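Reviewing the structure listed below.
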Amino acid sequence: MVDSLYFINNLQFHMGDIRNKEDLEKLFSQNKFDAVIHFAGLKAVAESMAHPFRYFDNNLIGSITLYQVMAKYNCKKLVFSSSATVYGQPKRIPCVEDFELKAMNPYGRTKLFLEEIARDIHAADPEWKIILLRYFNPVGAHESGKLGEDPIGIPNNLMPYIQQVAVGRLPELNVYGHDYPTNDGTAVRDYIHVMDLADGHVTALQKLFTKEDIGCFACNLGTGRGTSVLEMVTAFEKASGKKIPIKFCPRRPGDATEVYASTDLAARELNWKAKYGIDEMCRDQWNWAKQNPWGYKKPTTK
Ligand code: UFG
């Protein structure tokens with residue numbers, strides 16, 4: 001219920017699998033849900049290329065199963081985790097929501113298909129209200145330092161990698177490409193603080209209850225500002241006081257040169273704007289890292 005959004009003592013946790021209709025039926029038959037925020041997606045690009053069926057199975061089949069059960073129990077309000085990956089290699093920047101969409105890998109294809117599936121569901125039954133949130137590059141951690149990202153194995157993404165170099169788990173950062181046509185030659189992304197991202201979800205959820213003609217629409221969640229890999233390294237060094245040794249490497253296949261969001265639609269439709277910049281992202285990521293250098297594990301269980 002939107003009214004009780006902030007009363008977290010009322011939370012219940014049920015473990016289940018979105019691919020398992022029985023799990024979902026049990027949950028929906030015992031509770032009356034007004035809306036769903038659907039985060040239950042796999043998100044590693046390289047894994048999706050090696051194991052596409054995992055992505056088709058979990059992201060596609062799981063989501064379709066969830067939507068079938070939602071429809072059956074008349075729960076037709078949805079906030080979905082989409083991704084800037086649906087812009088592929090954008091021809092222009094900033095990325096505007098009505099750009100042509102393109103998948104670069106099986107992970108991206110599942111996000112693109114799921115956006116299309118959401119539009120089809122709404123076209124067939126306009127009672128559905130759906131907001132597809134296209135995340136740019138989420139980084140940082142909860143300001144308490146108790147909640148953060150703890151990837152399994154060697155991190156693929158820039159910030160968890162920098163973090164592990166800073167705490168001494170990895171010797172140096174591989175910088176993929178320093179010959180891009182950008183100010184310092186490294187690739188540019190729109191990094192967004194996870195707390196801003198969370199706030200964007202709350203705003204979207206509230207919108208589903210306060211605006212009648214929502215329909216089904218996609219909306220970027222980004223800051224609208226681009227930051228290069230080297231700028232991020234410098235900001236993290238400043239926040240942590242640690243030196244991050246780097247090694248220049250060839251470009252990573254499939255990487256775009258420069259991607260950042262247009263934030264106009266989010267401002268107009270959701271009345272939402274990111275509050276934090278890269279200094280706060282690095283401050284909170286470092287606060288999480290120094291309190292939990294081995295993530296949620298103990299060093300002995302690495
Ligand atoms: N990078 C490095 N070294 C690393 C890791 C990353 O130089 O060890 C560089 C990349 O080459 C890229 C930038 O840092 O230029 C950001 O890379 P990330 O892997 O952190 O993020 P991506 O922009 O590649 O991908 C992210 C999400 C995807 C999503 C995509 C959408 O991880 O899930 O944004 O644009 F699909």
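In the structure tokens, chains take the letters A, B, ... in the order shown, each chain's residues start at 1, and ligands count up from 1 in the order shown.
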Could you give me, as number ranges by chain, the residues within 9 Å of Phe236 in chain A, counting only C-alpha atoms and dropping anything in the same chain fewer than 5 positions from it?
-> A: 159, 162-163, 166, 231, 241-244, 278-279, 281-283, 285-286
Which residues sit within 7 Å of ligand 1, counting only C-alpha atoms and all ligand atoms, listed as a PyMOL selection string?
-> chain A and resi 43-45+83-85+108+136-137+156-159+161+173-177+186-189+229+251-252+255
Output as JSON, numbers by chain all residues of range 34-169 of chain A that backbone DSSP marks as alpha helix (DSSP H).
-> {"A": [45, 46, 47, 48, 49, 50, 52, 53, 54, 55, 62, 63, 64, 65, 66, 67, 68, 69, 70, 71, 72, 106, 107, 108, 109, 110, 111, 112, 113, 114, 115, 116, 117, 118, 119, 120, 121, 122, 123, 124, 158, 159, 160, 161, 162, 163, 164, 165, 166]}
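When only C-alpha atoms are used to measure the gap to Gly215 in chain A, the shortest distance among A:Ile192, A:Ile130, A:Ala124, A:Val79 belongs to A:Ile130.
Candidate residues A:Glu172, A:Ile93, A:Leu78, A:Phe217 were compared for distance to Arg134 in chain A, and the nearest is A:Phe217, using only C-alpha atoms.
Take the candidates A:Ile18, A:Ala267, A:Ala218, A:Ile131 and check each one against Gly41 in chain A using only C-alpha atoms; the shortest distance goes to A:Ile18.
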Please identify all polymer residues within 10 Å of Ile154 in chain A, counting only C-alpha atoms, omitting same-chain residues fewer than 4 positions from it, and present them as number ranges by chain.
-> A: 160-161, 164, 169-170
Residues from last step as file, N, CA, C and O atoms, as a compact mmCIF listing (two decimals), in the first residue's frame:
# COMPACT_ATOMS: atom_id res chain seq x y z
N PRO A 160 32.34 -1.52 -8.41
CA PRO A 160 32.77 -2.59 -7.51
C PRO A 160 34.23 -2.98 -7.74
O PRO A 160 34.93 -3.36 -6.80
N TYR A 161 34.69 -2.85 -8.99
CA TYR A 161 36.10 -3.19 -9.27
C TYR A 161 37.02 -2.19 -8.58
O TYR A 161 37.99 -2.56 -7.90
N GLN A 164 37.23 -2.83 -4.93
CA GLN A 164 38.06 -3.97 -4.51
C GLN A 164 39.55 -3.67 -4.66
O GLN A 164 40.37 -4.22 -3.94
N ARG A 169 41.89 -5.99 -2.44
CA ARG A 169 41.52 -7.34 -2.91
C ARG A 169 42.00 -7.58 -4.33
O ARG A 169 42.20 -8.71 -4.75
N LEU A 170 42.11 -6.51 -5.11
CA LEU A 170 42.60 -6.62 -6.49
C LEU A 170 43.74 -5.63 -6.66
O LEU A 170 43.73 -4.55 -6.05
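Residues in contact with Asn287 in chain A at 8 Å, where only C-alpha atoms are counted and same-chain residues fewer than 5 positions away are skipped, are listed as Glu143, Ser144 and Gly145 of chain A.
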The selected residues should be written to file as a PDB file, in the first residue's frame (atoms: N, CA and C atoms).
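Output below, filename part14.pdb:
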ATOM      1  N   GLU A 143      23.750   5.079   2.840  1.00  0.00           N
ATOM      2  CA  GLU A 143      24.675   5.958   3.568  1.00  0.00           C
ATOM      3  C   GLU A 143      25.111   5.382   4.922  1.00  0.00           C
ATOM      4  N   SER A 144      24.356   4.405   5.470  1.00  0.00           N
ATOM      5  CA  SER A 144      24.750   3.770   6.727  1.00  0.00           C
ATOM      6  C   SER A 144      26.018   2.935   6.560  1.00  0.00           C
ATOM      7  N   GLY A 145      26.322   2.545   5.333  1.00  0.00           N
ATOM      8  CA  GLY A 145      27.456   1.654   5.098  1.00  0.00           C
ATOM      9  C   GLY A 145      27.123   0.194   5.383  1.00  0.00           C
TER      10      GLY A 145
END
Select from range 218-270 of chain A everything DSSP, run on the backbone, classes as strand (DSSP E or B), then give the selection as a PyMOL selection string.
-> chain A and resi 218-221+227-228+246-249+258+261
Please provide the set of residues having any atom within 9 Å of Glu149 in chain A, restricted to only C-alpha atoms, with same-chain residues fewer than 3 positions apart removed, written as a PyMOL selection string.
-> chain A and resi 139-141+160+285+288+295
